[in-house]
Every structure is written in C-alpha cells, then in structure tokens.
>>> print(open('structure20.cif').read())   # mmCIF, C-alpha atoms and all ligand atoms
data_upload
loop_
_atom_site.label_atom_id
_atom_site.label_comp_id
_atom_site.auth_asym_id
_atom_site.auth_seq_id
_atom_site.Cartn_x
_atom_site.Cartn_y
_atom_site.Cartn_z
CA MET A 1 -94.15 -75.61 82.66
CA TYR A 2 -92.26 -72.85 84.46
CA LYS A 3 -90.64 -73.48 87.83
CA ILE A 4 -91.00 -71.07 90.77
CA LEU A 5 -87.46 -70.75 92.10
CA THR A 6 -88.03 -68.24 94.90
CA LYS A 7 -91.05 -66.77 96.64
CA LYS A 8 -91.03 -63.87 99.10
CA GLN A 9 -93.85 -61.94 100.72
CA LEU A 10 -93.17 -58.18 100.47
CA ASN A 11 -96.22 -57.15 102.47
CA PRO A 12 -99.48 -58.92 103.45
CA THR A 13 -100.87 -58.60 99.90
CA VAL A 14 -97.81 -58.39 97.67
CA THR A 15 -95.59 -61.34 96.68
CA MET A 16 -92.36 -61.52 94.69
CA MET A 17 -91.31 -64.62 92.73
CA ASP A 18 -88.39 -65.62 90.53
CA ILE A 19 -89.54 -67.85 87.67
CA GLU A 20 -87.28 -70.06 85.57
CA ALA A 21 -87.92 -68.75 82.04
CA PRO A 22 -84.62 -68.45 80.11
CA LEU A 23 -86.12 -67.41 76.76
CA VAL A 24 -88.05 -64.53 78.38
CA ALA A 25 -85.05 -63.54 80.53
CA ASN A 26 -82.87 -63.40 77.45
CA LYS A 27 -84.94 -60.70 75.74
CA ALA A 28 -86.76 -58.79 78.51
CA GLU A 29 -86.28 -55.05 79.05
CA ALA A 30 -87.63 -52.62 81.67
CA GLY A 31 -91.21 -51.62 80.88
CA GLN A 32 -92.19 -54.94 79.29
CA PHE A 33 -94.56 -57.55 80.69
CA ILE A 34 -95.41 -61.24 80.53
CA ILE A 35 -98.74 -63.05 80.43
CA LEU A 36 -99.07 -66.12 82.62
CA ARG A 37 -101.54 -68.84 83.39
CA VAL A 38 -101.25 -70.53 86.76
CA ASP A 39 -102.93 -73.77 85.60
CA ASP A 40 -103.98 -75.19 82.24
CA ASP A 41 -107.59 -74.06 82.69
CA GLY A 42 -106.63 -70.75 84.34
CA GLU A 43 -107.18 -67.15 83.23
CA ARG A 44 -104.38 -65.29 81.43
CA ILE A 45 -103.08 -62.32 83.44
CA PRO A 46 -100.40 -59.78 82.57
CA LEU A 47 -97.61 -58.94 85.05
CA THR A 48 -94.65 -56.65 84.56
CA VAL A 49 -91.12 -57.97 84.30
CA ALA A 50 -89.83 -56.62 87.62
CA GLY A 51 -86.34 -57.93 86.94
CA TYR A 52 -84.41 -60.54 85.02
CA ASP A 53 -81.14 -62.41 85.23
CA ARG A 54 -80.07 -63.38 81.73
CA LYS A 55 -77.27 -65.65 83.01
CA ALA A 56 -79.45 -67.55 85.47
CA GLY A 57 -82.40 -67.54 83.03
CA THR A 58 -84.83 -66.14 85.60
CA VAL A 59 -87.54 -63.49 85.53
CA LYS A 60 -88.79 -61.66 88.60
CA ILE A 61 -92.50 -60.84 89.04
CA ILE A 62 -94.15 -58.87 91.85
CA PHE A 63 -97.90 -59.14 92.18
CA GLN A 64 -100.66 -57.86 94.42
CA ILE A 65 -103.24 -60.42 95.50
CA VAL A 66 -106.45 -58.85 94.23
CA GLY A 67 -108.58 -61.63 92.77
CA ALA A 68 -108.93 -65.30 91.78
CA THR A 69 -105.81 -65.67 89.63
CA THR A 70 -103.40 -63.77 91.87
CA MET A 71 -104.79 -65.75 94.83
CA ALA A 72 -104.12 -69.01 92.96
CA LEU A 73 -100.60 -67.85 92.06
CA ASP A 74 -99.90 -66.91 95.65
CA LYS A 75 -100.89 -70.43 96.76
CA LYS A 76 -97.99 -71.85 94.72
CA ASN A 77 -94.72 -72.47 96.52
CA GLU A 78 -91.04 -72.60 95.64
CA GLY A 79 -90.30 -75.69 93.55
CA GLU A 80 -93.83 -75.81 92.09
CA TYR A 81 -94.73 -74.94 88.50
CA ILE A 82 -97.04 -72.60 86.60
CA SER A 83 -98.45 -73.56 83.20
CA ASP A 84 -97.65 -70.61 80.92
CA PHE A 85 -95.28 -67.67 81.06
CA VAL A 86 -95.26 -65.82 77.74
CA GLY A 87 -93.17 -62.78 76.88
CA PRO A 88 -91.59 -60.37 76.86
CA LEU A 89 -94.56 -58.38 75.55
CA GLY A 90 -95.12 -54.67 74.94
CA CYS A 91 -92.57 -51.95 74.28
CA ALA A 92 -89.60 -51.27 76.55
CA THR A 93 -89.54 -47.90 78.33
CA ARG A 94 -87.88 -45.21 76.20
CA THR A 95 -84.64 -44.01 77.80
CA GLU A 96 -82.76 -42.19 75.00
CA GLY A 97 -81.65 -38.65 75.78
CA ILE A 98 -83.06 -38.66 79.32
CA LYS A 99 -80.43 -37.46 81.78
CA LYS A 100 -82.61 -36.53 84.72
CA VAL A 101 -85.83 -38.34 85.50
CA CYS A 102 -88.43 -38.36 88.25
CA ILE A 103 -90.08 -41.74 88.78
CA VAL A 104 -93.41 -41.57 90.58
CA GLY A 105 -94.83 -44.88 91.85
CA GLY A 106 -98.07 -45.58 93.65
CA GLY A 107 -98.88 -48.78 95.59
CA VAL A 108 -98.16 -51.95 93.65
CA GLY A 109 -97.34 -49.68 90.69
CA CYS A 110 -93.96 -49.41 92.44
CA ALA A 111 -93.30 -53.00 91.31
CA ILE A 112 -93.56 -51.72 87.74
CA ALA A 113 -91.68 -48.49 88.47
CA TRP A 114 -88.71 -50.14 90.19
CA PRO A 115 -87.15 -51.82 87.08
CA VAL A 116 -87.63 -48.54 85.20
CA ALA A 117 -85.82 -46.54 87.93
CA ARG A 118 -83.06 -49.17 87.97
CA LYS A 119 -82.64 -48.99 84.20
CA PHE A 120 -82.19 -45.19 84.23
CA PHE A 121 -79.78 -45.47 87.17
CA GLU A 122 -77.68 -48.08 85.35
CA LEU A 123 -77.61 -45.82 82.29
CA GLY A 124 -76.14 -43.01 84.42
CA ALA A 125 -79.19 -40.73 84.59
CA GLU A 126 -79.97 -38.73 87.74
CA VAL A 127 -82.95 -40.52 89.26
CA HIS A 128 -85.36 -38.96 91.75
CA SER A 129 -88.04 -41.35 92.99
CA ILE A 130 -91.28 -40.53 94.79
CA ILE A 131 -93.21 -43.55 96.00
CA GLY A 132 -96.56 -43.47 97.75
CA PHE A 133 -98.65 -45.96 99.74
CA ARG A 134 -101.87 -45.86 101.72
CA ASN A 135 -100.01 -46.71 104.93
CA LYS A 136 -96.76 -48.13 106.32
CA ASP A 137 -97.99 -51.75 106.21
CA LEU A 138 -98.34 -51.53 102.42
CA LEU A 139 -94.85 -50.12 101.82
CA ILE A 140 -92.77 -52.22 99.41
CA LEU A 141 -89.31 -51.99 97.80
CA GLU A 142 -87.95 -49.16 99.97
CA LYS A 143 -84.37 -50.45 99.93
CA GLU A 144 -84.59 -51.37 96.26
CA PHE A 145 -85.64 -47.82 95.33
CA ALA A 146 -83.03 -46.31 97.66
CA ASP A 147 -80.35 -48.34 95.86
CA CYS A 148 -81.22 -46.92 92.44
CA SER A 149 -82.28 -43.35 93.28
CA HIS A 150 -80.19 -40.23 93.92
CA LYS A 151 -83.14 -38.88 95.88
CA LEU A 152 -86.03 -40.90 97.36
CA THR A 153 -89.22 -39.49 98.87
CA ILE A 154 -91.70 -41.82 100.55
CA MET A 155 -95.29 -40.70 101.05
CA THR A 156 -98.15 -42.33 102.97
CA ASP A 157 -101.76 -41.16 102.87
CA ASP A 158 -102.03 -41.38 106.68
CA GLY A 159 -98.52 -40.23 107.59
CA SER A 160 -97.64 -43.61 109.22
CA TYR A 161 -94.29 -43.60 107.35
CA GLY A 162 -92.31 -41.00 105.41
CA ARG A 163 -94.23 -37.83 104.66
CA ARG A 164 -97.99 -37.56 104.95
CA GLY A 165 -99.78 -36.76 101.71
CA VAL A 166 -99.96 -37.69 98.05
CA VAL A 167 -97.11 -38.09 95.56
CA THR A 168 -98.00 -34.99 93.54
CA GLU A 169 -97.09 -32.70 96.48
CA PRO A 170 -93.31 -33.40 96.57
CA LEU A 171 -93.33 -33.57 92.76
CA LYS A 172 -94.74 -30.04 92.49
CA GLU A 173 -92.35 -28.80 95.20
CA ALA A 174 -89.34 -30.28 93.37
CA ILE A 175 -90.36 -28.70 90.08
CA GLU A 176 -91.03 -25.33 91.74
CA SER A 177 -87.70 -25.48 93.60
CA GLY A 178 -85.95 -25.64 90.23
CA GLU A 179 -85.41 -29.36 89.51
CA ARG A 180 -85.28 -29.65 85.72
CA TYR A 181 -86.54 -33.10 84.80
CA ASP A 182 -86.21 -34.29 81.21
CA GLU A 183 -89.06 -36.67 81.93
CA VAL A 184 -91.49 -37.64 84.68
CA ILE A 185 -92.66 -41.26 84.62
CA ALA A 186 -95.75 -42.13 86.64
CA ILE A 187 -96.87 -45.69 87.37
CA GLY A 188 -99.75 -46.50 89.69
CA PRO A 189 -103.52 -46.15 90.00
CA LEU A 190 -105.20 -44.38 87.07
CA ILE A 191 -106.29 -41.51 89.28
CA MET A 192 -102.72 -40.97 90.50
CA MET A 193 -101.32 -40.93 86.95
CA LYS A 194 -104.05 -38.51 85.86
CA PHE A 195 -103.06 -36.10 88.64
CA VAL A 196 -99.33 -36.47 88.01
CA ALA A 197 -99.93 -35.47 84.38
CA ALA A 198 -102.07 -32.53 85.56
CA THR A 199 -99.21 -31.46 87.87
CA THR A 200 -96.48 -31.53 85.20
CA LYS A 201 -98.58 -30.11 82.34
CA PRO A 202 -98.32 -26.42 83.37
CA TYR A 203 -94.52 -26.80 83.36
CA ASN A 204 -94.58 -28.71 80.08
CA ILE A 205 -92.40 -31.54 81.42
CA PRO A 206 -92.73 -34.64 79.20
CA THR A 207 -94.71 -37.16 81.24
CA THR A 208 -95.04 -40.84 80.56
CA VAL A 209 -97.65 -43.05 82.19
CA SER A 210 -97.83 -46.84 82.20
CA MET A 211 -101.33 -48.05 81.34
CA ASN A 212 -102.61 -51.37 82.69
CA PRO A 213 -106.04 -52.00 81.17
CA ILE A 214 -107.65 -55.45 80.97
CA MET A 215 -105.60 -57.61 78.61
CA ILE A 216 -106.49 -60.93 77.07
CA ASP A 217 -104.20 -62.01 74.20
CA GLY A 218 -101.49 -59.36 74.68
CA THR A 219 -100.76 -59.30 70.94
CA GLY A 220 -103.04 -56.54 69.61
CA MET A 221 -105.77 -58.86 68.32
CA CYS A 222 -108.64 -58.91 70.83
CA GLY A 223 -109.03 -55.17 71.39
CA GLY A 224 -109.54 -55.70 75.15
CA CYS A 225 -106.80 -53.26 76.13
CA ARG A 226 -107.85 -50.39 73.89
CA LEU A 227 -107.40 -46.82 75.07
CA THR A 228 -107.88 -43.41 73.55
CA VAL A 229 -104.59 -41.52 73.33
CA GLY A 230 -104.39 -38.19 71.54
CA GLY A 231 -107.88 -38.85 70.12
CA LYS A 232 -106.76 -42.12 68.51
CA THR A 233 -107.41 -45.73 69.50
CA LYS A 234 -104.30 -47.46 70.83
CA PHE A 235 -103.71 -50.95 72.19
CA ALA A 236 -101.75 -50.93 75.44
CA CYS A 237 -100.31 -54.40 74.80
CA VAL A 238 -98.54 -53.52 71.56
CA ASP A 239 -98.44 -49.70 71.42
CA GLY A 240 -97.64 -49.39 75.17
CA PRO A 241 -97.92 -49.91 78.07
CA ASP A 242 -96.14 -46.48 78.15
CA PHE A 243 -98.00 -43.48 76.72
CA ASN A 244 -97.80 -39.70 76.75
CA GLY A 245 -99.63 -38.77 79.97
CA PHE A 246 -100.96 -35.53 78.47
CA GLU A 247 -102.78 -37.43 75.73
CA VAL A 248 -104.39 -40.35 77.58
CA ASP A 249 -108.16 -40.23 78.07
CA PHE A 250 -108.05 -41.23 81.75
CA ASP A 251 -111.79 -40.88 82.33
CA GLU A 252 -112.56 -43.41 79.61
CA ALA A 253 -109.82 -45.76 80.92
CA MET A 254 -111.30 -45.56 84.43
CA ALA A 255 -114.79 -46.35 83.17
CA ARG A 256 -113.50 -49.34 81.15
CA SER A 257 -111.43 -50.68 84.06
CA SER A 258 -114.51 -51.25 86.21
CA MET A 259 -116.53 -52.98 83.44
CA TYR A 260 -115.99 -56.51 84.83
CA ALA A 261 -116.20 -55.66 88.54
CA GLU A 262 -119.21 -57.93 89.21
CA PHE A 263 -117.72 -60.88 87.33
CA GLU A 264 -114.35 -60.44 89.10
CA LYS A 265 -116.08 -60.34 92.49
CA ALA A 266 -117.93 -63.61 91.71
CA GLU A 267 -114.68 -65.31 90.57
CA ARG A 268 -112.88 -64.14 93.73
CA GLU A 269 -115.67 -65.54 95.93
CA ASN A 270 -115.67 -68.82 93.96
CA PHE A 271 -111.94 -69.20 94.49
CA CYS A 272 -112.21 -68.47 98.23
CA ASN A 273 -115.05 -71.01 98.60
CA LEU A 274 -113.11 -73.65 96.66
CA PHE A 275 -110.03 -73.05 98.80
CA LYS A 276 -112.05 -73.24 102.03
CA LYS A 277 -113.49 -76.61 100.86
CA GLU A 278 -109.98 -77.93 100.10
CA VAL A 279 -108.77 -76.94 103.56
CA LEU A 280 -111.75 -78.48 105.40
C1 LIG A 301 -99.29 -54.53 81.29
C2 LIG A 301 -99.76 -54.85 82.68
C3 LIG A 301 -98.83 -55.06 83.68
C4 LIG A 301 -99.23 -55.36 84.98
N1 LIG A 301 -98.26 -55.56 85.92
C5 LIG A 301 -98.64 -55.86 87.18
C6 LIG A 301 -97.64 -56.13 88.17
O1 LIG A 301 -96.43 -56.11 87.92
N2 LIG A 301 -98.07 -56.42 89.42
C7 LIG A 301 -99.41 -56.49 89.74
O2 LIG A 301 -99.74 -56.76 90.90
N3 LIG A 301 -100.36 -56.26 88.82
C8 LIG A 301 -100.02 -55.96 87.54
N4 LIG A 301 -100.98 -55.78 86.59
C9 LIG A 301 -102.40 -55.97 86.98
C10 LIG A 301 -102.70 -57.48 87.00
O3 LIG A 301 -102.69 -57.99 85.69
C11 LIG A 301 -104.07 -57.73 87.66
O4 LIG A 301 -103.99 -57.37 89.01
C12 LIG A 301 -104.49 -59.19 87.56
O5 LIG A 301 -104.83 -59.49 86.23
C13 LIG A 301 -105.63 -59.49 88.52
O6 LIG A 301 -106.18 -60.76 88.24
P1 LIG A 301 -107.04 -61.51 89.33
O7 LIG A 301 -107.75 -62.62 88.68
O8 LIG A 301 -106.21 -61.85 90.52
O9 LIG A 301 -108.06 -60.41 89.83
P2 LIG A 301 -109.49 -59.98 89.26
O10 LIG A 301 -110.48 -60.03 90.36
O11 LIG A 301 -109.78 -60.72 87.98
O12 LIG A 301 -109.21 -58.47 88.88
C14 LIG A 301 -108.83 -57.46 89.82
C15 LIG A 301 -108.44 -56.22 89.02
O13 LIG A 301 -107.28 -56.52 88.22
C16 LIG A 301 -107.41 -56.01 86.89
N5 LIG A 301 -107.39 -57.12 85.92
C17 LIG A 301 -108.10 -58.26 85.97
N6 LIG A 301 -107.85 -59.06 84.92
C18 LIG A 301 -106.96 -58.40 84.16
C19 LIG A 301 -106.32 -58.68 82.94
N7 LIG A 301 -106.51 -59.81 82.25
N8 LIG A 301 -105.49 -57.74 82.44
C20 LIG A 301 -105.24 -56.61 83.12
N9 LIG A 301 -105.81 -56.29 84.28
C21 LIG A 301 -106.66 -57.16 84.79
C22 LIG A 301 -108.70 -55.24 86.87
O14 LIG A 301 -108.42 -53.88 87.14
C23 LIG A 301 -109.49 -55.80 87.99
O15 LIG A 301 -110.41 -54.92 88.53
C24 LIG A 301 -100.61 -55.46 85.28
C25 LIG A 301 -101.57 -55.24 84.29
C26 LIG A 301 -101.15 -54.94 83.00
C27 LIG A 301 -102.15 -54.72 81.91
S1 LIG A 302 -104.74 -57.51 74.99
FE1 LIG A 302 -105.82 -57.94 73.18
S2 LIG A 302 -105.44 -56.22 71.94
FE2 LIG A 302 -104.25 -55.88 73.69
#
>>> encode(input="structure20.cif", output="structure tokens", more="lines below")
Ligand SMILES: Cc1cc2nc3c(=O)[nH]c(=O)nc-3n(C[C@H](O)[C@H](O)[C@H](O)COP(=O)(O)OP(=O)(O)OC[C@H]3O[C@@H](n4cnc5c(N)ncnc54)[C@H](O)[C@@H]3O)c2cc1C
Ligand code: FES
Amino acid sequence: MYKILTKKQLNPTVTMMDIEAPLVANKAEAGQFIILRVDDDGERIPLTVAGYDRKAGTVKIIFQIVGATTMALDKKNEGEYISDFVGPLGCATRTEGIKKVCIVGGGVGCAIAWPVARKFFELGAEVHSIIGFRNKDLLILEKEFADCSHKLTIMTDDGSYGRRGVVTEPLKEAIESGERYDEVIAIGPLIMMKFVAATTKPYNIPTTVSMNPIMIDGTGMCGGCRLTVGGKTKFACVDGPDFNGFEVDFDEAMARSSMYAEFEKAERENFCNLFKKEVL
C-alpha cells in the first residue's frame, strides 16, 4: 500500500499528490512514468513522474480527472492509501548534448513537460517554455515553469490569460527570429504534437514528442501501447514514451486513442452513479 502524503488541487480538474514510494523515488528520472491501481480491483493507469524526492522517498504525480480511475483517485485524501504504484517505467528523456531547448506543453501535458523543463534547467541548458491552455481557469504550473525557464510564453485559446492563440505561433516566431534550438520537446494532445512537429520540420530542428497511448502492463508484453514510428512498430511503454516527432504516425495514434471511447464513457457513468449512491 502506498500512502498519499499531500494532495493539492491545481485547477478544477487537475490534482497533484505526493506518494510515499521510496523504491520508485530512488530510481525515477524525468520522462519516466508509473502505473498505479487505486484499489485492489481497480484498473491500472499510467501517470508521469512529475517529481521525486529521493531523500524523503516521495514521488509527485499530477493528474487530470477524465474518467472512472482518475475520479476514484481524486476521491482519496491525504493519509489514505492506494493499492499499487509500480515504476519507474519507460525511458528517461534524452538530455545529452542539448544546450538550448524549447519545451512546448499543452493542457495537462504540462504536468509531463514540467519535470523535463526542470531537468534541462538543472543541467544548465537554456530553457524556453511555451505552455498553452484552453482558458485561464485551466492554467496550471505557471510559477513552476517560470522557475525553470529562461523564457516563458503562456498561450490561451480564448485570450483569457497570456497571449491568445495556439502554441505553434510563438514557436514559429521564435525560430524565425533566430532562436537556434538544439531540440524542441512537445508534450500534450496528439493534435498539438502533430502540429509542433509540422512547424519545426521545415527548419529541421530535432523534435521529440511524448506519446501517451492506452497502456495495460507497461512492460512491452500486451501490445496495447503500440505505435508506428518511422514505419516500424514500437511500444511506447518500453521504447518511449519519447519518440522522434517527424517519424510518428499521428493519424494512426489518434484513431487508436478513441477505440475504447464507448467503454470509457460507460465506466465513467458507472462510477458517478456509484458515488451518488454512496453520498445519498
Ligand atoms: C506514459 C503515460 C503517461 C501519462 N501521464 C499522465 C499524467 O502525468 N497526467 C495525466 O493526467 N494523465 C497522464 N496520462 C493519461 C492517463 O493515463 C489517463 O488520463 C488515465 O489512464 C485515464 O483513466 P480514467 O479511467 O480516469 O479515464 P478513462 O475514461 O478510462 O479514459 C479517459 C482517456 O484517458 C486515456 N486512457 C484511459 N486508460 C488509459 C490507459 N490505461 N493508459 C493510457 N491512457 C489511458 C484515453 O485517452 C482515454 O480516452 C498518461 C498516459 C501515459 C500512457
Ligand atoms: S503497455 Fe503493454 S506493451 Fe506497452
């Protein structure tokens, strides 16, 4: 059992928790993830290691409440326990030789992008971050990004905070104004990562994307997380989650990501009905 040490709401649908998990904290690196189960009969879901404290033996997770399992996790409070917390899984983000990087985060993808930005900052790289949200109410981690970025641009779709527009606009402007990035790293919705890669491709700037397909075992055995990258089948859980953005077949990934939409909707409704019954 893994104890929830802290719980904080970052916005109405995003929660941050510190979990007591010394073995995971001891090995985790930016870019890796864990798989947890809230209860013994619960579903396994992957979440990125948003931070770790090796001394305290804690691992930070940040999750958006989107369905049955994240709803159940959000119902847990400080001092309570979750059943499983396995990791670290996947490959750490590659940092060697990168002196200037642009981190592009979208929505809750910023939870995954933040530890990556922090890692580059700690290694002494020049970090430019561009983070985008639908509106001001959904903004998360502004201070955290400001603390680990030499330049931070905030975008909202509706202009309610920062600049109005999508993240690819300031990215293109920066490149055209002469910023020479060794790497652009994009983490967010599939459509956003697809367009970031399309923006950097004409300038041939190496672009990494973090792929979050459906995962089940997280060890390369079930095939659930398969993607086509450079014409070859890859498993995001063991070969990724980071991949070359120019090689990912985004259209296939988008089609696969909506495969279980009906089932997920039913589970979400089941959970809401169960919770309503418990409250009544
Ligand atoms: C490597 C990796 C890292 C991730 N890191 C984060 C993170 O740091 N913060 C965060 O909020 N989300 C993260 N996700 C997404 C997160 O796993 C899903 O939001 C979660 O599984 C939703 O479960 P649910 O039961 O609440 O919702 P559901 O209603 O079951 O699903 C909602 C959506 O979540 C996705 N999803 C569902 N089940 C899985 C699964 N087993 N594996 C992957 N995706 C799934 C699907 O796109 C689905 O449409 C990550 C996913 C991966 C693969
Ligand atoms: S989650 Fe099963 S192969 Fe990746």
>>> residues_near_ligand(input="structure20.cif", ligand="ligand LIG 301 (chain A)", cutoff="7 Å", atoms="only C-alpha atoms and all ligand atoms", output="PyMOL selection string")
chain A and resi 33+44-50+61-71+108-109+111-112+211-216+237+241+257-258+260-261+264-265+267-268
>>> residues_near_ligand(input="structure20.cif", ligand="ligand LIG 302 (chain A)", cutoff="6 Å", atoms="only C-alpha atoms and all ligand atoms", output="VMD selection string")
chain A and resid 215 to 225 235 to 237
>>> atom_distance(input="structure20.cif", atom1="atom CA of A:Ala125", atom2="atom CA of A:Ile205")
16.4 Å
>>> atom_distance(input="structure20.cif", atom1="atom CA of A:Phe120", atom2="atom CA of A:Ala30")
9.6 Å
>>> atom_distance(input="structure20.cif", atom1="atom CA of A:Ile175", atom2="atom CA of A:Val104")
13.2 Å
>>> closest_residue(input="structure20.cif", among="A:Val101, A:Val166, A:Leu190, A:Ala255", to="A:Ser129", atoms="only C-alpha atoms")
A:Val101
>>> axis_aligned_box(input="structure20.cif", around="stretch 11-19 of chain A", padding_each_side="3 Å", output="JSON")
{"center_x": -94.6, "center_y": -62.5, "center_z": 95.6, "size_x": 18.5, "size_y": 16.7, "size_z": 21.8}
>>> closest_residue(input="structure20.cif", among="A:Glu29, A:Asp147, A:Glu173, A:Glu183", to="A:Tyr52", atoms="all atoms listed in the file")
A:Glu29
>>> residues_around(input="structure20.cif", residues="A:Met155", least_positions_apart="5", cutoff="10 Å", atoms="all atoms listed in the file", output="PDB file with C-alpha atoms, keeping the file's coordinate frame")
ATOM      1  CA  GLY A 106     -98.070 -45.580  93.650  1.00  0.00           C
ATOM      2  CA  ILE A 130     -91.280 -40.530  94.790  1.00  0.00           C
ATOM      3  CA  ILE A 131     -93.210 -43.550  96.000  1.00  0.00           C
ATOM      4  CA  GLY A 132     -96.560 -43.470  97.750  1.00  0.00           C
ATOM      5  CA  PHE A 133     -98.650 -45.960  99.740  1.00  0.00           C
ATOM      6  CA  ARG A 134    -101.870 -45.860 101.720  1.00  0.00           C
ATOM      7  CA  ASN A 135    -100.010 -46.710 104.930  1.00  0.00           C
ATOM      8  CA  LYS A 136     -96.760 -48.130 106.320  1.00  0.00           C
ATOM      9  CA  LEU A 139     -94.850 -50.120 101.820  1.00  0.00           C
ATOM     10  CA  SER A 160     -97.640 -43.610 109.220  1.00  0.00           C
ATOM     11  CA  TYR A 161     -94.290 -43.600 107.350  1.00  0.00           C
ATOM     12  CA  GLY A 162     -92.310 -41.000 105.410  1.00  0.00           C
ATOM     13  CA  ARG A 163     -94.230 -37.830 104.660  1.00  0.00           C
ATOM     14  CA  ARG A 164     -97.990 -37.560 104.950  1.00  0.00           C
ATOM     15  CA  GLY A 165     -99.780 -36.760 101.710  1.00  0.00           C
ATOM     16  CA  VAL A 166     -99.960 -37.690  98.050  1.00  0.00           C
ATOM     17  CA  VAL A 167     -97.110 -38.090  95.560  1.00  0.00           C
ATOM     18  CA  THR A 168     -98.000 -34.990  93.540  1.00  0.00           C
ATOM     19  CA  GLU A 169     -97.090 -32.700  96.480  1.00  0.00           C
ATOM     20  CA  PRO A 170     -93.310 -33.400  96.570  1.00  0.00           C
TER      21      PRO A 170
END
>>> closest_residue(input="structure20.cif", among="A:Met192, A:Cys91, A:Lys8, A:Val86", to="A:Gly107", atoms="all atoms listed in the file")
A:Met192
>>> residues_around(input="structure20.cif", residues="A:Phe243", least_positions_apart="6", cutoff="12 Å", atoms="all atoms listed in the file", output="PyMOL selection string")
chain A and resi 31+90-94+184-187+193+197+206-212+227-230+234-237+249-250
>>> closest_residue(input="structure20.cif", among="A:Cys148, A:Val59, A:Ile103, A:Ile191", to="A:Pro22", atoms="all atoms listed in the file")
A:Val59
>>> closest_residue(input="structure20.cif", among="A:Lys172, A:Arg118, A:Lys194, A:Arg37", to="A:Met1", atoms="only C-alpha atoms")
A:Arg37
>>> residues_around(input="structure20.cif", residues="A:Asp18", least_positions_apart="2", cutoff="10 Å", atoms="all atoms listed in the file", output="PyMOL selection string")
chain A and resi 3-8+16+20-21+50-53+57-62+78
>>> closest_residue(input="structure20.cif", among="A:Lys100, A:Gly188, A:Leu171, A:Asp137", to="A:His150", atoms="all atoms listed in the file")
A:Lys100
